[in-house]
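Here's the structure we're looking at; comments come further down.
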2 protein chains.
Amino acid sequence: MVNFEYYTPTKVIFGKNAEEKTGELVKAQGCKKVLVHYGGNSAKRSGLLDRICKSLEKAGIDFVTLGGVVPNPHLGKVHEGIALCKKEGVDFILAVGGGSVIDSGKAIGYGVANEGEVWDFYAKTRVPKACLPIGAVLTIAAAGSEMSNSSVITNEDGWLKRGYNDDICRCRFAVMNPELTYTLPAYQTASGCVDIMMHTMERYFTKETDTALTDGIGEALIRTVMQSARILKENPENYDARAQVMWAGSLSHNGLTGCGTVGDWASHQLEHELGGMFDVAHGAGLAAVWGSWARYVYKEKPERFAQFAVNVMGVANDDSHPEKTALEGIKRMEEFYHAIDMPISIHELGVDLTEEQIQELAYKCSFMDKRTIGQFKVLNRQDIENIYRMAK
Amino acid sequence: MVNFEYYTPTKVIFGKNAEEKTGELVKAQGCKKVLVHYGGNSAKRSGLLDRICKSLEKAGIDFVTLGGVVPNPHLGKVHEGIALCKKEGVDFILAVGGGSVIDSGKAIGYGVANEGEVWDFYAKTRVPKACLPIGAVLTIAAAGSEMSNSSVITNEDGWLKRGYNDDICRCRFAVMNPELTYTLPAYQTASGCVDIMMHTMERYFTKETDTALTDGIGEALIRTVMQSARILKENPENYDARAQVMWAGSLSHNGLTGCGTVGDWASHQLEHELGGMFDVAHGAGLAAVWGSWARYVYKEKPERFAQFAVNVMGVANDDSHPEKTALEGIKRMEEFYHAIDMPISIHELGVDLTEEQIQELAYKCSFMDKRTIGQFKVLNRQDIENIYRMAK
């Protein structure tokens, strides 16, 4: 177990009708003017945006609105938000949506609270000193941005997708009503479930030992999301399954499932390049590469994959054959992905890679051959190329 | 699953040498003068107090010290602390110790930040408006006060032990180095493990349904603490077992293991009266009454106890006999208590109750017949009397 820090200051208001408390939560922050930030038309159509605005009005909170955030949120919209906030004197950002909207809100928060170009923070050429305070009303369970220190933005100039992590952007509060996720399409629901599971799996596949509590929490979380994903495939309006997934989404990425471990994150890096080159849902992209990554790396420590197989995938324990147990666990996870209509190859993701594209992806993923990825097994450009080829 | 709020703003610094960061953590709070609050001589003898004070000096932080906090901390010491803080202009409290020291620090924080008698808050006749900011350097894993909103104080006038819970007293930071708990006596270590397990078990035994994620987290936590307690009985300086127990202590009482459930807490109420009448360690007292409580209430929902038996105690699943499975789980938990030298009756706790004492305990525990306790099964004065008699 490695030393760790754990910091999750976000106040969570979870359950039916939770969004009714938004006005009073914002008021408690002592702010003067709020930016209500949202995505497409679904928040408008469903009436949620209206209810949020009325809740703010009832609490006597002045606000402006800015919609139009797209998945893989764009820097252009962030610039628009920064300009609006400066013009209107906004001192609190309320993100109404999923990870993209919250991430965009965090970027606007950095932009308003610091001089100069906000992209610098994502390009890692400068470090922000502050961030406007942010709150979230969550409508998509997947990214975990409502409790995480992460924000990922895409710069349209070169289509670079970059993340920046900093505790100063953690939400002051997160309003989570599972009912708000009832209308998510099946594919997006399943993709969100994979994203949530992977936030824990990236932290779980570690060479660190003696992390029993963190292991047990992570295993319980993954099992719960798998069980709920199967239920939601049949019944998207099952409150309890929606609730498990929503709460798991927050706990999976707020740091809890990585306490004492050293995370791997190679699957995320592999998927980020795919997502940059093709328009794919993040969770589906993770499902498409995970099995190939797992088979490429499991021999580094088969016992870890065997533990996963037994405790998460229900494979019978066989101490004398950890490799066999490990492989059975990987196979069963792929069977689960198929069961919820997720891909287990890049072809099934809807992309048929050429050999040139494989080489280009590996070149970019290795930062032009200048970095390795992964911790469970450190992967260089050639390894990355091999995995893309396996996952093809 | 019931609606819930979750708020754990405490920044945790966990691992070897964590206490070296105390000075900079306090400095980041922007305070002017610190009260270093501690218990007996062990913090002095071990050199920990010296190291903490040096860390503060190095960070340029002015401070005063106040030791002498006893287990079941006294109101008198709280008054002494309040007077000292006011005289010295203290604006931050650093508690170096276990739950008693942190609870005493929280009470001092309430007393300094509010007018009038601090006991009022514990007697529930007034509500505090604020609390001085508090940080903790943890030396005993048990109470979970370093991340909880709880504080329990004993008023020497009538020996009333009362708790007050409020988010405003949650620690700003908690420094946790498992090595600092190496020297705890075996009995105190085991008692702490029971206390930690019980903070989750009180929340776990609920009639609420559809709390899969919370259940799984709680089950993993209890299993981990049991495993670690057995290791520590043989080897008190096993770092990883100490680390699991310490981290479990915080997570068990910060709210995580109760998200979506309705807690029971009857065992705690039963033990509080015992602890008020006799000088017993809190965790040991809980172990002494739990089995009797469990056998008295399990028929309300045997399936819940059966789930506990299977997922925590390793009993074979037998859906057709939930009552049998439930009872086997209770028996095995008592066997575990014995295995770590904890009592499973009040007699084994070192107390031989007379019939008059049983009646007095039940009378006081029911607040002179004016309240019931418990949620899994609501218990009146007669029920309480029956359980004390069973546990005798």
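Each chain in the structure tokens gets a letter, A, B and so on, in the order shown; residues start at 1 in every chain, and ligands are counted from 1 in the order they appear.
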- Query: Among stretch 94-232 of chain B, which residues carry a DSSP assignment of helix (DSSP H, G or I), reported as a PyMOL selection string?
  - Reply: chain B and resi 99-113+119-122+167-169+178-181+186-204+212-232
- Kindly determine which residues of chain B lie within 8 Å of chain A, considering only C-alpha atoms, and give the answer as a PyMOL selection string. chain B and resi 1-16+210-213+216-217+220-221+224+240+244+248
- Message: I'd like the neighbourhood of B:Pro128 as a PyMOL selection string, where a residue qualifies if any of its atoms comes within 8 Å (using only C-alpha atoms), though same-chain residues fewer than 2 positions away should be ignored.
- Response: chain B and resi 110+114+121+126+130-131
Please, could you write that set of residues out with N, CA and C atoms as a tab-separated table (two decimals), in the first residue's frame?
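This is the output file result.tsv:
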chain	number	residue	atom	x	y	z
B	110	TYR	N	-16.66	24.29	19.55
B	110	TYR	CA	-18.02	24.82	19.71
B	110	TYR	C	-18.03	25.91	20.79
B	114	ASN	N	-19.06	29.99	20.02
B	114	ASN	CA	-20.43	30.34	20.38
B	114	ASN	C	-20.48	30.89	21.80
B	121	PHE	N	-25.28	22.29	23.82
B	121	PHE	CA	-25.35	21.64	22.49
B	121	PHE	C	-25.48	20.12	22.65
B	126	ARG	N	-29.77	23.89	22.69
B	126	ARG	CA	-29.43	24.95	21.73
B	126	ARG	C	-28.65	24.32	20.59
B	130	ALA	N	-21.47	27.89	14.88
B	130	ALA	CA	-20.16	27.71	14.24
B	130	ALA	C	-19.29	26.82	15.12
B	131	CYS	N	-18.12	26.50	14.60
B	131	CYS	CA	-17.13	25.72	15.35
B	131	CYS	C	-15.75	26.18	14.86
- Task: Skip B:Glu146 itself and residues of its chain fewer than 6 positions away, then list as a PyMOL selection string all residues within 9 Å of it, counting only C-alpha atoms.
- Result: chain B and resi 10+98-99+102-103+135-138+170-171+173-175+250+254
- Name the residues in contact with A:Lys124 at a cut-off of 10 Å, using only C-alpha atoms, excluding same-chain residues fewer than 6 positions from it; report them as JSON, numbers by chain. {"A": [162, 163, 164]}
I want to know what sits within 6 Å of A:Asp195, based on only C-alpha atoms, with residues of the same chain fewer than 2 positions away left out; could you give that as a PDB file with N, CA and C atoms, in the first residue's frame?
ATOM      1  N   ALA A 142     -21.706   8.629 -15.537  1.00  0.00           N
ATOM      2  CA  ALA A 142     -20.629   8.018 -16.322  1.00  0.00           C
ATOM      3  C   ALA A 142     -19.268   8.573 -15.904  1.00  0.00           C
ATOM      4  N   GLY A 192     -21.948   4.359 -20.325  1.00  0.00           N
ATOM      5  CA  GLY A 192     -21.683   5.004 -19.039  1.00  0.00           C
ATOM      6  C   GLY A 192     -21.290   3.984 -17.981  1.00  0.00           C
ATOM      7  N   CYS A 193     -21.971   2.841 -17.987  1.00  0.00           N
ATOM      8  CA  CYS A 193     -21.647   1.790 -17.012  1.00  0.00           C
ATOM      9  C   CYS A 193     -20.210   1.301 -17.207  1.00  0.00           C
ATOM     10  N   MET A 197     -17.183   1.459 -14.477  1.00  0.00           N
ATOM     11  CA  MET A 197     -16.408   0.276 -14.089  1.00  0.00           C
ATOM     12  C   MET A 197     -14.917   0.499 -14.350  1.00  0.00           C
ATOM     13  N   MET A 198     -14.618   1.107 -15.491  1.00  0.00           N
ATOM     14  CA  MET A 198     -13.217   1.288 -15.868  1.00  0.00           C
ATOM     15  C   MET A 198     -12.490   2.290 -14.956  1.00  0.00           C
ATOM     16  N   GLY A 283     -17.069   5.204 -23.150  1.00  0.00           N
ATOM     17  CA  GLY A 283     -17.190   3.895 -22.489  1.00  0.00           C
ATOM     18  C   GLY A 283     -17.127   2.749 -23.479  1.00  0.00           C
TER      19      GLY A 283
END
Write out as a PDB file with N, CA and C atoms, in the first residue's frame which residues come within 6 Å of stretch 38-52 of chain A when counting only C-alpha atoms, dropping same-chain ones fewer than 2 positions away.
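That gives us around-v7.pdb:
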ATOM      1  N   LYS A  54     -36.246  28.098 -11.959  1.00  0.00           N
ATOM      2  CA  LYS A  54     -37.271  28.525 -10.990  1.00  0.00           C
ATOM      3  C   LYS A  54     -36.775  28.367  -9.553  1.00  0.00           C
ATOM      4  N   SER A  55     -36.027  27.291  -9.319  1.00  0.00           N
ATOM      5  CA  SER A  55     -35.464  27.074  -7.989  1.00  0.00           C
ATOM      6  C   SER A  55     -34.498  28.201  -7.629  1.00  0.00           C
ATOM      7  N   GLY A  67     -26.024  27.370 -22.994  1.00  0.00           N
ATOM      8  CA  GLY A  67     -26.169  25.971 -23.396  1.00  0.00           C
ATOM      9  C   GLY A  67     -25.261  25.641 -24.559  1.00  0.00           C
ATOM     10  N   GLY A  68     -25.476  24.454 -25.128  1.00  0.00           N
ATOM     11  CA  GLY A  68     -24.769  24.088 -26.351  1.00  0.00           C
ATOM     12  C   GLY A  68     -23.467  23.333 -26.154  1.00  0.00           C
ATOM     13  N   VAL A  69     -23.204  22.856 -24.920  1.00  0.00           N
ATOM     14  CA  VAL A  69     -21.993  22.053 -24.715  1.00  0.00           C
ATOM     15  C   VAL A  69     -22.193  20.702 -25.414  1.00  0.00           C
ATOM     16  N   VAL A  96     -25.462  21.892 -15.382  1.00  0.00           N
ATOM     17  CA  VAL A  96     -26.634  21.013 -15.415  1.00  0.00           C
ATOM     18  C   VAL A  96     -26.438  20.053 -16.578  1.00  0.00           C
ATOM     19  N   GLY A  97     -26.000  18.831 -16.287  1.00  0.00           N
ATOM     20  CA  GLY A  97     -25.732  17.872 -17.359  1.00  0.00           C
ATOM     21  C   GLY A  97     -24.844  16.745 -16.900  1.00  0.00           C
ATOM     22  N   VAL A 101     -20.590  18.710 -19.658  1.00  0.00           N
ATOM     23  CA  VAL A 101     -21.038  20.020 -19.189  1.00  0.00           C
ATOM     24  C   VAL A 101     -20.254  20.432 -17.931  1.00  0.00           C
TER      25      VAL A 101
END
- Query: What residues in stretch 121-325 of chain B get the DSSP label strand (DSSP E)? Please answer as a VMD selection string.
  - Reply: chain B and resid 134 to 138 150 to 155 160 to 165 173 to 176
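Closest to A:Glu273 among A:Thr325, A:Ser345, A:Gln357, A:Thr206 is A:Gln357, based on only C-alpha atoms.
The space separating atom CA of A:Gln359 from atom CA of A:Arg381 comes to 8.9 Å.
Atom CA of B:Leu180 is positioned 5.4 Å from atom CA of B:Thr139.
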- Pairwise distance, atom CA of A:Ile134 with atom CA of A:Glu88, equals 16.4 Å
